[in-house]
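Peer 1: What follows is the file entry.cif, containing mmCIF, N, CA and C atoms:
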data_upload
loop_
_atom_site.label_atom_id
_atom_site.label_comp_id
_atom_site.auth_asym_id
_atom_site.auth_seq_id
_atom_site.Cartn_x
_atom_site.Cartn_y
_atom_site.Cartn_z
N MET A 1029 0.84 -1.16 0.00
CA MET A 1029 0.00 0.00 0.00
C MET A 1029 0.90 1.24 0.00
N ILE A 1030 0.72 2.06 -0.95
CA ILE A 1030 1.47 3.31 -1.03
C ILE A 1030 0.64 4.42 -0.39
N ILE A 1031 1.26 5.18 0.49
CA ILE A 1031 0.60 6.32 1.12
C ILE A 1031 1.20 7.57 0.51
N ASN A 1032 0.41 8.26 -0.31
CA ASN A 1032 0.91 9.45 -0.99
C ASN A 1032 0.65 10.73 -0.22
N SER A 1033 -0.24 10.69 0.74
CA SER A 1033 -0.51 11.88 1.55
C SER A 1033 -1.12 11.45 2.87
N GLN A 1034 -1.11 12.35 3.82
CA GLN A 1034 -1.69 12.07 5.13
C GLN A 1034 -3.17 11.74 5.00
N ASN A 1035 -3.82 12.30 3.99
CA ASN A 1035 -5.25 12.05 3.77
C ASN A 1035 -5.53 10.58 3.44
N GLU A 1036 -4.54 9.85 2.96
CA GLU A 1036 -4.74 8.45 2.59
C GLU A 1036 -4.58 7.50 3.76
N LEU A 1037 -4.17 8.01 4.92
CA LEU A 1037 -3.99 7.14 6.09
C LEU A 1037 -5.27 6.42 6.47
N ALA A 1038 -6.40 7.09 6.37
CA ALA A 1038 -7.67 6.46 6.73
C ALA A 1038 -7.93 5.24 5.87
N THR A 1039 -7.64 5.34 4.58
CA THR A 1039 -7.85 4.22 3.67
C THR A 1039 -6.91 3.07 4.01
N VAL A 1040 -5.65 3.39 4.27
CA VAL A 1040 -4.67 2.35 4.60
C VAL A 1040 -5.05 1.66 5.91
N ALA A 1041 -5.44 2.44 6.91
CA ALA A 1041 -5.85 1.86 8.20
C ALA A 1041 -7.06 0.95 8.02
N ALA A 1042 -8.04 1.39 7.26
CA ALA A 1042 -9.23 0.58 7.01
C ALA A 1042 -8.87 -0.71 6.29
N ASP A 1043 -7.99 -0.61 5.29
CA ASP A 1043 -7.55 -1.80 4.56
C ASP A 1043 -6.87 -2.80 5.48
N LEU A 1044 -5.99 -2.30 6.35
CA LEU A 1044 -5.30 -3.18 7.30
C LEU A 1044 -6.31 -3.92 8.19
N LEU A 1045 -7.25 -3.18 8.74
CA LEU A 1045 -8.24 -3.79 9.63
C LEU A 1045 -9.14 -4.77 8.88
N GLN A 1046 -9.49 -4.45 7.65
CA GLN A 1046 -10.36 -5.33 6.87
C GLN A 1046 -9.63 -6.59 6.43
N LYS A 1047 -8.43 -6.43 5.90
CA LYS A 1047 -7.68 -7.58 5.39
C LYS A 1047 -7.20 -8.52 6.50
N HIS A 1048 -7.10 -7.99 7.69
CA HIS A 1048 -6.62 -8.79 8.82
C HIS A 1048 -7.63 -8.75 9.96
N ALA A 1049 -8.90 -8.93 9.61
CA ALA A 1049 -10.00 -8.78 10.56
C ALA A 1049 -9.92 -9.74 11.73
N GLU A 1050 -9.32 -10.89 11.55
CA GLU A 1050 -9.23 -11.88 12.62
C GLU A 1050 -7.99 -11.71 13.49
N GLU A 1051 -7.08 -10.88 13.06
CA GLU A 1051 -5.81 -10.69 13.78
C GLU A 1051 -5.96 -9.58 14.81
N ARG A 1052 -5.20 -9.70 15.89
CA ARG A 1052 -5.24 -8.70 16.95
C ARG A 1052 -3.89 -8.10 17.28
N VAL A 1053 -2.81 -8.68 16.77
CA VAL A 1053 -1.47 -8.20 17.09
C VAL A 1053 -0.79 -7.74 15.80
N PHE A 1054 -0.34 -6.49 15.80
CA PHE A 1054 0.29 -5.88 14.64
C PHE A 1054 1.64 -5.33 15.06
N GLY A 1055 2.69 -5.73 14.36
CA GLY A 1055 4.04 -5.23 14.63
C GLY A 1055 4.45 -4.25 13.55
N PHE A 1056 4.81 -3.05 13.95
CA PHE A 1056 5.17 -1.99 13.02
C PHE A 1056 6.68 -1.81 12.98
N TYR A 1057 7.22 -1.79 11.77
CA TYR A 1057 8.65 -1.63 11.53
C TYR A 1057 8.87 -0.39 10.67
N GLY A 1058 9.91 0.32 10.96
CA GLY A 1058 10.25 1.48 10.15
C GLY A 1058 11.19 2.37 10.94
N GLU A 1059 11.93 3.16 10.21
CA GLU A 1059 12.89 4.04 10.86
C GLU A 1059 12.16 5.10 11.68
N MET A 1060 12.90 5.80 12.51
CA MET A 1060 12.35 6.89 13.30
C MET A 1060 11.71 7.92 12.37
N GLY A 1061 10.48 8.29 12.65
CA GLY A 1061 9.79 9.28 11.84
C GLY A 1061 9.10 8.73 10.60
N ALA A 1062 9.06 7.40 10.44
CA ALA A 1062 8.45 6.80 9.25
C ALA A 1062 6.93 6.90 9.25
N GLY A 1063 6.34 7.06 10.42
CA GLY A 1063 4.88 7.17 10.48
C GLY A 1063 4.20 6.06 11.24
N LYS A 1064 4.95 5.30 12.02
CA LYS A 1064 4.35 4.19 12.78
C LYS A 1064 3.27 4.70 13.72
N THR A 1065 3.60 5.69 14.53
CA THR A 1065 2.64 6.22 15.51
C THR A 1065 1.44 6.85 14.80
N THR A 1066 1.68 7.56 13.73
CA THR A 1066 0.60 8.22 12.99
C THR A 1066 -0.39 7.20 12.45
N LEU A 1067 0.11 6.10 11.89
CA LEU A 1067 -0.77 5.06 11.38
C LEU A 1067 -1.52 4.38 12.52
N ILE A 1068 -0.85 4.11 13.63
CA ILE A 1068 -1.52 3.49 14.77
C ILE A 1068 -2.62 4.40 15.32
N LYS A 1069 -2.37 5.70 15.37
CA LYS A 1069 -3.40 6.64 15.82
C LYS A 1069 -4.65 6.53 14.95
N GLU A 1070 -4.46 6.44 13.64
CA GLU A 1070 -5.61 6.33 12.73
C GLU A 1070 -6.33 5.00 12.90
N ILE A 1071 -5.58 3.93 13.08
CA ILE A 1071 -6.21 2.62 13.30
C ILE A 1071 -7.04 2.67 14.59
N CYS A 1072 -6.49 3.24 15.65
CA CYS A 1072 -7.22 3.37 16.91
C CYS A 1072 -8.49 4.19 16.72
N ARG A 1073 -8.39 5.28 15.98
CA ARG A 1073 -9.57 6.10 15.72
C ARG A 1073 -10.66 5.27 15.03
N GLN A 1074 -10.25 4.45 14.06
CA GLN A 1074 -11.23 3.64 13.34
C GLN A 1074 -11.81 2.52 14.21
N LEU A 1075 -11.08 2.12 15.23
CA LEU A 1075 -11.59 1.11 16.17
C LEU A 1075 -12.54 1.73 17.20
N GLY A 1076 -12.65 3.06 17.19
CA GLY A 1076 -13.55 3.72 18.11
C GLY A 1076 -12.90 4.25 19.37
N VAL A 1077 -11.57 4.33 19.38
CA VAL A 1077 -10.87 4.92 20.52
C VAL A 1077 -11.10 6.43 20.46
N THR A 1078 -11.63 6.99 21.53
CA THR A 1078 -11.91 8.42 21.54
C THR A 1078 -10.87 9.21 22.33
N ALA A 1079 -10.11 8.56 23.17
CA ALA A 1079 -9.06 9.24 23.94
C ALA A 1079 -7.93 9.66 23.02
N THR A 1080 -7.15 10.61 23.47
CA THR A 1080 -5.96 11.02 22.72
C THR A 1080 -4.96 9.88 22.72
N THR A 1081 -4.47 9.53 21.55
CA THR A 1081 -3.47 8.47 21.44
C THR A 1081 -2.11 9.11 21.20
N SER A 1082 -1.10 8.52 21.80
CA SER A 1082 0.26 9.02 21.62
C SER A 1082 1.22 7.86 21.79
N SER A 1083 2.42 8.04 21.32
CA SER A 1083 3.43 7.00 21.44
C SER A 1083 3.84 6.84 22.90
N PRO A 1084 3.80 5.62 23.40
CA PRO A 1084 4.18 5.38 24.80
C PRO A 1084 5.69 5.21 24.97
N THR A 1085 6.46 6.13 24.44
CA THR A 1085 7.91 6.00 24.42
C THR A 1085 8.49 5.78 25.81
N PHE A 1086 8.04 6.52 26.79
CA PHE A 1086 8.60 6.38 28.14
C PHE A 1086 7.82 5.38 28.98
N ALA A 1087 6.51 5.28 28.76
CA ALA A 1087 5.68 4.37 29.54
C ALA A 1087 5.77 2.93 29.03
N ILE A 1088 6.25 2.72 27.85
CA ILE A 1088 6.35 1.45 27.12
C ILE A 1088 4.99 0.99 26.59
N VAL A 1089 3.93 1.11 27.39
CA VAL A 1089 2.61 0.69 26.90
C VAL A 1089 1.56 1.72 27.33
N ASN A 1090 0.68 2.05 26.38
CA ASN A 1090 -0.51 2.85 26.68
C ASN A 1090 -1.73 1.97 26.48
N GLU A 1091 -2.71 2.14 27.33
CA GLU A 1091 -3.97 1.41 27.20
C GLU A 1091 -5.05 2.42 26.85
N TYR A 1092 -5.78 2.12 25.78
CA TYR A 1092 -6.90 2.94 25.35
C TYR A 1092 -8.14 2.06 25.40
N PHE A 1093 -9.31 2.68 25.30
CA PHE A 1093 -10.56 1.92 25.27
C PHE A 1093 -11.40 2.39 24.09
N THR A 1094 -12.03 1.41 23.43
CA THR A 1094 -12.95 1.74 22.35
C THR A 1094 -14.26 2.24 22.95
N SER A 1095 -15.14 2.74 22.12
CA SER A 1095 -16.44 3.22 22.60
C SER A 1095 -17.27 2.08 23.20
N GLU A 1096 -16.93 0.84 22.88
CA GLU A 1096 -17.60 -0.33 23.46
C GLU A 1096 -16.90 -0.82 24.74
N GLY A 1097 -15.85 -0.12 25.14
CA GLY A 1097 -15.15 -0.49 26.37
C GLY A 1097 -14.06 -1.54 26.20
N GLU A 1098 -13.74 -1.90 24.96
CA GLU A 1098 -12.70 -2.89 24.69
C GLU A 1098 -11.33 -2.25 24.79
N PRO A 1099 -10.40 -2.89 25.51
CA PRO A 1099 -9.04 -2.31 25.60
C PRO A 1099 -8.25 -2.49 24.31
N VAL A 1100 -7.41 -1.52 24.05
CA VAL A 1100 -6.47 -1.53 22.93
C VAL A 1100 -5.12 -1.16 23.52
N TYR A 1101 -4.09 -1.95 23.20
CA TYR A 1101 -2.76 -1.72 23.77
C TYR A 1101 -1.79 -1.24 22.70
N HIS A 1102 -1.03 -0.21 23.04
CA HIS A 1102 -0.07 0.40 22.12
C HIS A 1102 1.29 0.38 22.81
N PHE A 1103 2.22 -0.35 22.23
CA PHE A 1103 3.56 -0.51 22.79
C PHE A 1103 4.58 0.26 21.97
N ASP A 1104 5.58 0.78 22.65
CA ASP A 1104 6.73 1.39 21.99
C ASP A 1104 7.97 0.89 22.72
N PHE A 1105 8.69 -0.01 22.06
CA PHE A 1105 9.86 -0.64 22.69
C PHE A 1105 11.18 0.03 22.31
N TYR A 1106 11.12 1.23 21.79
CA TYR A 1106 12.33 1.92 21.35
C TYR A 1106 13.36 2.03 22.48
N ARG A 1107 12.93 2.32 23.68
CA ARG A 1107 13.85 2.60 24.78
C ARG A 1107 14.23 1.39 25.62
N ILE A 1108 13.71 0.20 25.30
CA ILE A 1108 14.11 -0.94 26.13
C ILE A 1108 15.52 -1.37 25.76
N ASN A 1109 16.22 -1.88 26.76
CA ASN A 1109 17.60 -2.33 26.55
C ASN A 1109 17.73 -3.84 26.47
N SER A 1110 16.71 -4.54 26.96
CA SER A 1110 16.76 -6.01 26.90
C SER A 1110 15.34 -6.55 26.86
N ILE A 1111 15.22 -7.77 26.39
CA ILE A 1111 13.93 -8.44 26.30
C ILE A 1111 13.32 -8.62 27.69
N ASP A 1112 14.15 -8.66 28.72
CA ASP A 1112 13.67 -8.80 30.10
C ASP A 1112 12.70 -7.68 30.48
N GLU A 1113 12.92 -6.50 29.94
CA GLU A 1113 12.02 -5.38 30.24
C GLU A 1113 10.62 -5.65 29.72
N ALA A 1114 10.51 -6.27 28.56
CA ALA A 1114 9.21 -6.63 28.00
C ALA A 1114 8.56 -7.73 28.84
N VAL A 1115 9.37 -8.68 29.26
CA VAL A 1115 8.87 -9.77 30.10
C VAL A 1115 8.33 -9.21 31.41
N LYS A 1116 9.05 -8.27 32.01
CA LYS A 1116 8.66 -7.72 33.31
C LYS A 1116 7.34 -6.96 33.28
N ILE A 1117 6.99 -6.37 32.15
CA ILE A 1117 5.70 -5.67 32.07
C ILE A 1117 4.56 -6.62 31.69
N GLY A 1118 4.87 -7.91 31.52
CA GLY A 1118 3.84 -8.88 31.18
C GLY A 1118 3.42 -8.85 29.73
N PHE A 1119 4.37 -8.56 28.85
CA PHE A 1119 4.08 -8.45 27.43
C PHE A 1119 3.32 -9.67 26.90
N ASP A 1120 3.72 -10.87 27.32
CA ASP A 1120 3.02 -12.09 26.89
C ASP A 1120 1.53 -12.05 27.22
N ASP A 1121 1.21 -11.56 28.41
CA ASP A 1121 -0.19 -11.48 28.81
C ASP A 1121 -1.00 -10.58 27.87
N TYR A 1122 -0.41 -9.46 27.50
CA TYR A 1122 -1.08 -8.57 26.56
C TYR A 1122 -1.26 -9.26 25.21
N LEU A 1123 -0.20 -9.91 24.72
CA LEU A 1123 -0.23 -10.54 23.40
C LEU A 1123 -1.36 -11.56 23.27
N TYR A 1124 -1.57 -12.32 24.32
CA TYR A 1124 -2.53 -13.41 24.25
C TYR A 1124 -3.86 -13.05 24.92
N SER A 1125 -4.09 -11.76 25.11
CA SER A 1125 -5.34 -11.30 25.75
C SER A 1125 -6.53 -11.34 24.79
N GLY A 1126 -6.27 -11.40 23.49
CA GLY A 1126 -7.35 -11.34 22.52
C GLY A 1126 -7.74 -9.92 22.15
N ASN A 1127 -7.06 -8.95 22.74
CA ASN A 1127 -7.32 -7.54 22.44
C ASN A 1127 -6.31 -7.04 21.42
N TYR A 1128 -6.63 -5.92 20.78
CA TYR A 1128 -5.71 -5.34 19.83
C TYR A 1128 -4.42 -4.91 20.53
N CYS A 1129 -3.29 -5.26 19.92
CA CYS A 1129 -1.97 -4.85 20.38
C CYS A 1129 -1.22 -4.29 19.18
N PHE A 1130 -0.79 -3.05 19.29
CA PHE A 1130 -0.02 -2.40 18.23
C PHE A 1130 1.38 -2.13 18.78
N ILE A 1131 2.39 -2.66 18.10
CA ILE A 1131 3.75 -2.66 18.64
C ILE A 1131 4.67 -1.85 17.74
N GLU A 1132 5.28 -0.82 18.30
CA GLU A 1132 6.32 -0.07 17.60
C GLU A 1132 7.67 -0.62 18.05
N TRP A 1133 8.62 -0.63 17.13
CA TRP A 1133 9.96 -1.18 17.37
C TRP A 1133 9.85 -2.67 17.74
N THR A 1134 9.09 -3.37 16.95
CA THR A 1134 8.84 -4.80 17.15
C THR A 1134 10.12 -5.61 17.14
N GLU A 1135 11.12 -5.14 16.38
CA GLU A 1135 12.37 -5.89 16.29
C GLU A 1135 13.03 -6.10 17.66
N LYS A 1136 12.70 -5.27 18.63
CA LYS A 1136 13.28 -5.39 19.97
C LYS A 1136 12.66 -6.55 20.77
N VAL A 1137 11.49 -7.05 20.33
CA VAL A 1137 10.82 -8.14 21.06
C VAL A 1137 10.50 -9.33 20.15
N GLU A 1138 11.11 -9.35 18.97
CA GLU A 1138 10.82 -10.42 18.01
C GLU A 1138 11.01 -11.82 18.59
N GLU A 1139 11.96 -11.98 19.48
CA GLU A 1139 12.20 -13.33 20.02
C GLU A 1139 11.04 -13.83 20.86
N MET A 1140 10.11 -12.95 21.22
CA MET A 1140 8.92 -13.35 21.96
C MET A 1140 7.75 -13.67 21.03
N LEU A 1141 7.95 -13.48 19.74
CA LEU A 1141 6.88 -13.65 18.76
C LEU A 1141 7.24 -14.71 17.73
N THR A 1142 6.23 -15.34 17.17
CA THR A 1142 6.43 -16.17 15.99
C THR A 1142 5.76 -15.45 14.83
N GLU A 1143 6.10 -15.82 13.63
CA GLU A 1143 5.53 -15.18 12.45
C GLU A 1143 4.01 -15.26 12.43
N GLU A 1144 3.47 -16.32 12.99
CA GLU A 1144 2.02 -16.51 13.01
C GLU A 1144 1.34 -15.67 14.08
N ASP A 1145 2.11 -15.12 15.02
CA ASP A 1145 1.54 -14.37 16.14
C ASP A 1145 1.05 -12.99 15.76
N TYR A 1146 1.57 -12.44 14.67
CA TYR A 1146 1.27 -11.04 14.40
C TYR A 1146 1.32 -10.72 12.91
N VAL A 1147 0.72 -9.60 12.58
CA VAL A 1147 0.79 -9.05 11.23
C VAL A 1147 1.95 -8.07 11.22
N ARG A 1148 2.88 -8.28 10.34
CA ARG A 1148 4.04 -7.41 10.21
C ARG A 1148 3.71 -6.27 9.25
N VAL A 1149 3.90 -5.04 9.71
CA VAL A 1149 3.64 -3.86 8.89
C VAL A 1149 4.96 -3.10 8.74
N ASP A 1150 5.52 -3.14 7.57
CA ASP A 1150 6.77 -2.43 7.28
C ASP A 1150 6.43 -1.10 6.65
N ILE A 1151 6.96 -0.04 7.22
CA ILE A 1151 6.72 1.30 6.69
C ILE A 1151 8.05 1.89 6.25
N LYS A 1152 8.09 2.30 5.01
CA LYS A 1152 9.31 2.86 4.45
C LYS A 1152 8.97 4.24 3.89
N VAL A 1153 9.76 5.23 4.24
CA VAL A 1153 9.55 6.57 3.70
C VAL A 1153 10.08 6.60 2.28
N LEU A 1154 9.25 7.08 1.37
CA LEU A 1154 9.63 7.18 -0.03
C LEU A 1154 10.29 8.52 -0.31
N GLU A 1155 10.86 8.67 -1.47
CA GLU A 1155 11.61 9.88 -1.82
C GLU A 1155 10.80 11.15 -1.66
N HIS A 1156 9.50 11.11 -1.97
CA HIS A 1156 8.69 12.33 -1.90
C HIS A 1156 8.19 12.63 -0.49
N GLY A 1157 8.65 11.84 0.50
CA GLY A 1157 8.34 12.16 1.88
C GLY A 1157 7.17 11.41 2.46
N PHE A 1158 6.44 10.65 1.67
CA PHE A 1158 5.35 9.86 2.20
C PHE A 1158 5.80 8.42 2.26
N GLY A 1159 4.89 7.48 2.50
CA GLY A 1159 5.35 6.14 2.79
C GLY A 1159 4.73 5.03 1.99
N ASP A 1160 5.29 3.87 2.22
CA ASP A 1160 4.86 2.62 1.63
C ASP A 1160 4.70 1.64 2.78
N ALA A 1161 3.50 1.11 2.97
CA ALA A 1161 3.25 0.15 4.04
C ALA A 1161 3.06 -1.22 3.41
N LEU A 1162 3.87 -2.18 3.82
CA LEU A 1162 3.82 -3.54 3.32
C LEU A 1162 3.46 -4.44 4.49
N CYS A 1163 2.42 -5.26 4.32
CA CYS A 1163 1.94 -6.10 5.42
C CYS A 1163 2.13 -7.57 5.10
N THR A 1164 2.67 -8.31 6.07
CA THR A 1164 2.80 -9.75 5.94
C THR A 1164 2.57 -10.38 7.31
N GLY A 1165 2.41 -11.68 7.34
CA GLY A 1165 2.32 -12.38 8.61
C GLY A 1165 0.90 -12.63 9.05
N GLY A 1166 0.74 -12.89 10.35
CA GLY A 1166 -0.57 -13.18 10.89
C GLY A 1166 -1.15 -14.44 10.33
N GLY A 1167 -0.30 -15.39 10.00
CA GLY A 1167 -0.76 -16.64 9.42
C GLY A 1167 -0.98 -16.54 7.91
N ASN A 1168 -0.82 -15.34 7.35
CA ASN A 1168 -0.98 -15.16 5.92
C ASN A 1168 0.37 -15.29 5.25
N THR A 1169 0.36 -15.70 4.01
CA THR A 1169 1.60 -15.78 3.27
C THR A 1169 1.59 -14.71 2.19
N GLY A 1170 2.76 -14.25 1.83
CA GLY A 1170 2.83 -13.24 0.80
C GLY A 1170 2.56 -11.86 1.34
N THR A 1171 2.17 -10.97 0.45
CA THR A 1171 1.91 -9.60 0.86
C THR A 1171 0.51 -9.19 0.49
N ASP A 1172 0.02 -8.22 1.20
CA ASP A 1172 -1.29 -7.63 0.89
C ASP A 1172 -1.03 -6.22 0.44
N ASP A 1173 -1.41 -5.91 -0.77
CA ASP A 1173 -1.27 -4.52 -1.22
C ASP A 1173 -2.37 -4.12 -2.14
#
Could you write out this file's structure as structure tokens?
Peer 2:
Amino acid sequence: MIINSQNELATVAADLLQKHAEERVFGFYGEMGAGKTTLIKEICRQLGVTATTSSPTFAIVNEYFTSEGEPVYHFDFYRINSIDEAVKIGFDDYLYSGNYCFIEWTEKVEEMLTEEDYVRVDIKVLEHGFGDALCTGGGNTGTDD
């Protein structure tokens, strides 16, 4: 999925949720500033989260609620130094809760995941400043675009 402008984020978020309707764990990959948090904010909005969403850089995890009261978890593992930090916050419990989990800097906790555990979303900034989101995983093979 190519994102040519910020206005297209809603379409990309909707496509992700529709194509992976049975999945609850999404791992976002991309360099600093690629748009991971921005895309997660839009996905949360489409799930009915009304609270302000932000990257949990220092808290590691933010918990939001949909309008139906369902929890949504947003992780940012940029600042962790070891996998033990993820273990200590009970990351496994969140993963297998059945609730939506959106993970930034997934590469820092990959050893706790299998390819079938999550949908991998790679975001790459293109030359014109917008992005390309490529999704794989979640028990699916190949790419969805």
Peer 1: Rounded to one decimal, what separation in Å do you get between CA of Trp1133 in chain A and CA of Thr1065 in chain A?
Peer 2: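 Spanning CA of Trp1133 in chain A to CA of Thr1065 in chain A is a straight-line distance of 10.6 Å.
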Peer 1: As a ChimeraX atom specification, please: every residue in chain A that a backbone DSSP assignment puts in helix (DSSP H, G or I).
Peer 2: /A:1034-1047,1064-1075,1111-1116,1119-1123,1134-1136,1138-1140,1143-1145
Peer 1: Hey, what's within 6.5 Å of range 1080-1094 of chain A if we count all atoms listed in the file and toss same-chain stuff fewer than 3 positions away? As a PyMOL selection string, please?
Peer 2: chain A and resi 1065+1069+1075-1077+1097-1107
Peer 1: With all atoms listed in the file as the atoms that count, which of A:Thr1039, A:Gly1126, A:Ile1111, A:Gly1118 lies nearest to Glu1139 in chain A?
Peer 2: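 Between A:Thr1039, A:Gly1126, A:Ile1111, A:Gly1118, the residue approaching Glu1139 in chain A most closely is A:Ile1111.
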Peer 1: Among the residues of range 1075-1150 of chain A, find those DSSP assigns to strand (DSSP E) from the backbone and print them as a list in words.
Peer 2: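 These are the residues in question: Val1089, Asn1090, Glu1091, Tyr1092, Phe1093, Pro1099, Val1100, Tyr1101, His1102, Phe1103, Asp1104, Tyr1128, Cys1129, Phe1130, Ile1131, Glu1132, Val1147, Arg1148, Val1149 and Asp1150 of chain A.
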Peer 1: Of the candidates A:Ile1131, A:Val1137, A:Ile1108, A:Ala1038, which shows the shortest atom-to-atom distance to Leu1067 in chain A, using only C-alpha atoms?
Peer 2: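 Closest residue, counting only C-alpha atoms: A:Ala1038.
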Peer 1: In Å, how far is it from CA of Glu1132 in chain A to CA of Lys1064 in chain A?
Peer 2: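 Straight-line distance from CA of Glu1132 in chain A to CA of Lys1064 in chain A works out to 6.7 Å.
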Peer 1: Which of these residues is nearest to Val1040 in chain A, using only C-alpha atoms: A:Val1147, A:Met1060, A:Val1053, A:Ile1068?
Peer 2: A:Ile1068
Peer 1: Which residue is closest to Phe1054 in chain A? Choose from A:Ala1079, A:Cys1129, A:Ala1041, A:Cys1072 and count only N, CA and C atoms.
Peer 2: A:Cys1129
Peer 1: As an exercise, work out the distance from atom N of Asn1109 in chain A to atom N of Lys1136 in chain A in Å and give it to one decimal place.
Peer 2: 9.5 Å
Peer 1: Return as lines of an AutoDock Vina configuration file the box centre and box size in Å, one decimal, for an axis-aligned box around all listed atoms of range 1105-1119 of chain A padded by 5 Å per side.
Peer 2:
center_x = 10.5
center_y = -3.6
center_z = 27.3
size_x = 24.4
size_y = 22.4
size_z = 22.0
Peer 1: Tell me which residues the PyMOL selection byres (((chain A and resi 1145 and name CA) around 12) and name CA) grabs here, as a PyMOL selection string.
Peer 2: chain A and resi 1050-1055+1120+1123-1124+1126+1129+1138-1144+1146-1148+1164-1168
Peer 1: Could you save the residues just selected, with N, CA and C atoms, as a compact mmCIF listing (two decimals), in the frame of the given file?
Peer 2:
# COMPACT_ATOMS: atom_id res chain seq x y z
N GLU A 1050 -9.32 -10.89 11.55
CA GLU A 1050 -9.23 -11.88 12.62
C GLU A 1050 -7.99 -11.71 13.49
N GLU A 1051 -7.08 -10.88 13.06
CA GLU A 1051 -5.81 -10.69 13.78
C GLU A 1051 -5.96 -9.58 14.81
N ARG A 1052 -5.20 -9.70 15.89
CA ARG A 1052 -5.24 -8.70 16.95
C ARG A 1052 -3.89 -8.10 17.28
N VAL A 1053 -2.81 -8.68 16.77
CA VAL A 1053 -1.47 -8.20 17.09
C VAL A 1053 -0.79 -7.74 15.80
N PHE A 1054 -0.34 -6.49 15.80
CA PHE A 1054 0.29 -5.88 14.64
C PHE A 1054 1.64 -5.33 15.06
N GLY A 1055 2.69 -5.73 14.36
CA GLY A 1055 4.04 -5.23 14.63
C GLY A 1055 4.45 -4.25 13.55
N ASP A 1120 3.72 -10.87 27.32
CA ASP A 1120 3.02 -12.09 26.89
C ASP A 1120 1.53 -12.05 27.22
N LEU A 1123 -0.20 -9.91 24.72
CA LEU A 1123 -0.23 -10.54 23.40
C LEU A 1123 -1.36 -11.56 23.27
N TYR A 1124 -1.57 -12.32 24.32
CA TYR A 1124 -2.53 -13.41 24.25
C TYR A 1124 -3.86 -13.05 24.92
N GLY A 1126 -6.27 -11.40 23.49
CA GLY A 1126 -7.35 -11.34 22.52
C GLY A 1126 -7.74 -9.92 22.15
N CYS A 1129 -3.29 -5.26 19.92
CA CYS A 1129 -1.97 -4.85 20.38
C CYS A 1129 -1.22 -4.29 19.18
N GLU A 1138 11.11 -9.35 18.97
CA GLU A 1138 10.82 -10.42 18.01
C GLU A 1138 11.01 -11.82 18.59
N GLU A 1139 11.96 -11.98 19.48
CA GLU A 1139 12.20 -13.33 20.02
C GLU A 1139 11.04 -13.83 20.86
N MET A 1140 10.11 -12.95 21.22
CA MET A 1140 8.92 -13.35 21.96
C MET A 1140 7.75 -13.67 21.03
N LEU A 1141 7.95 -13.48 19.74
CA LEU A 1141 6.88 -13.65 18.76
C LEU A 1141 7.24 -14.71 17.73
N THR A 1142 6.23 -15.34 17.17
CA THR A 1142 6.43 -16.17 15.99
C THR A 1142 5.76 -15.45 14.83
N GLU A 1143 6.10 -15.82 13.63
CA GLU A 1143 5.53 -15.18 12.45
C GLU A 1143 4.01 -15.26 12.43
N GLU A 1144 3.47 -16.32 12.99
CA GLU A 1144 2.02 -16.51 13.01
C GLU A 1144 1.34 -15.67 14.08
N TYR A 1146 1.57 -12.44 14.67
CA TYR A 1146 1.27 -11.04 14.40
C TYR A 1146 1.32 -10.72 12.91
N VAL A 1147 0.72 -9.60 12.58
CA VAL A 1147 0.79 -9.05 11.23
C VAL A 1147 1.95 -8.07 11.22
N ARG A 1148 2.88 -8.28 10.34
CA ARG A 1148 4.04 -7.41 10.21
C ARG A 1148 3.71 -6.27 9.25
N THR A 1164 2.67 -8.31 6.07
CA THR A 1164 2.80 -9.75 5.94
C THR A 1164 2.57 -10.38 7.31
N GLY A 1165 2.41 -11.68 7.34
CA GLY A 1165 2.32 -12.38 8.61
C GLY A 1165 0.90 -12.63 9.05
N GLY A 1166 0.74 -12.89 10.35
CA GLY A 1166 -0.57 -13.18 10.89
C GLY A 1166 -1.15 -14.44 10.33
N GLY A 1167 -0.30 -15.39 10.00
CA GLY A 1167 -0.76 -16.64 9.42
C GLY A 1167 -0.98 -16.54 7.91
N ASN A 1168 -0.82 -15.34 7.35
CA ASN A 1168 -0.98 -15.16 5.92
C ASN A 1168 0.37 -15.29 5.25
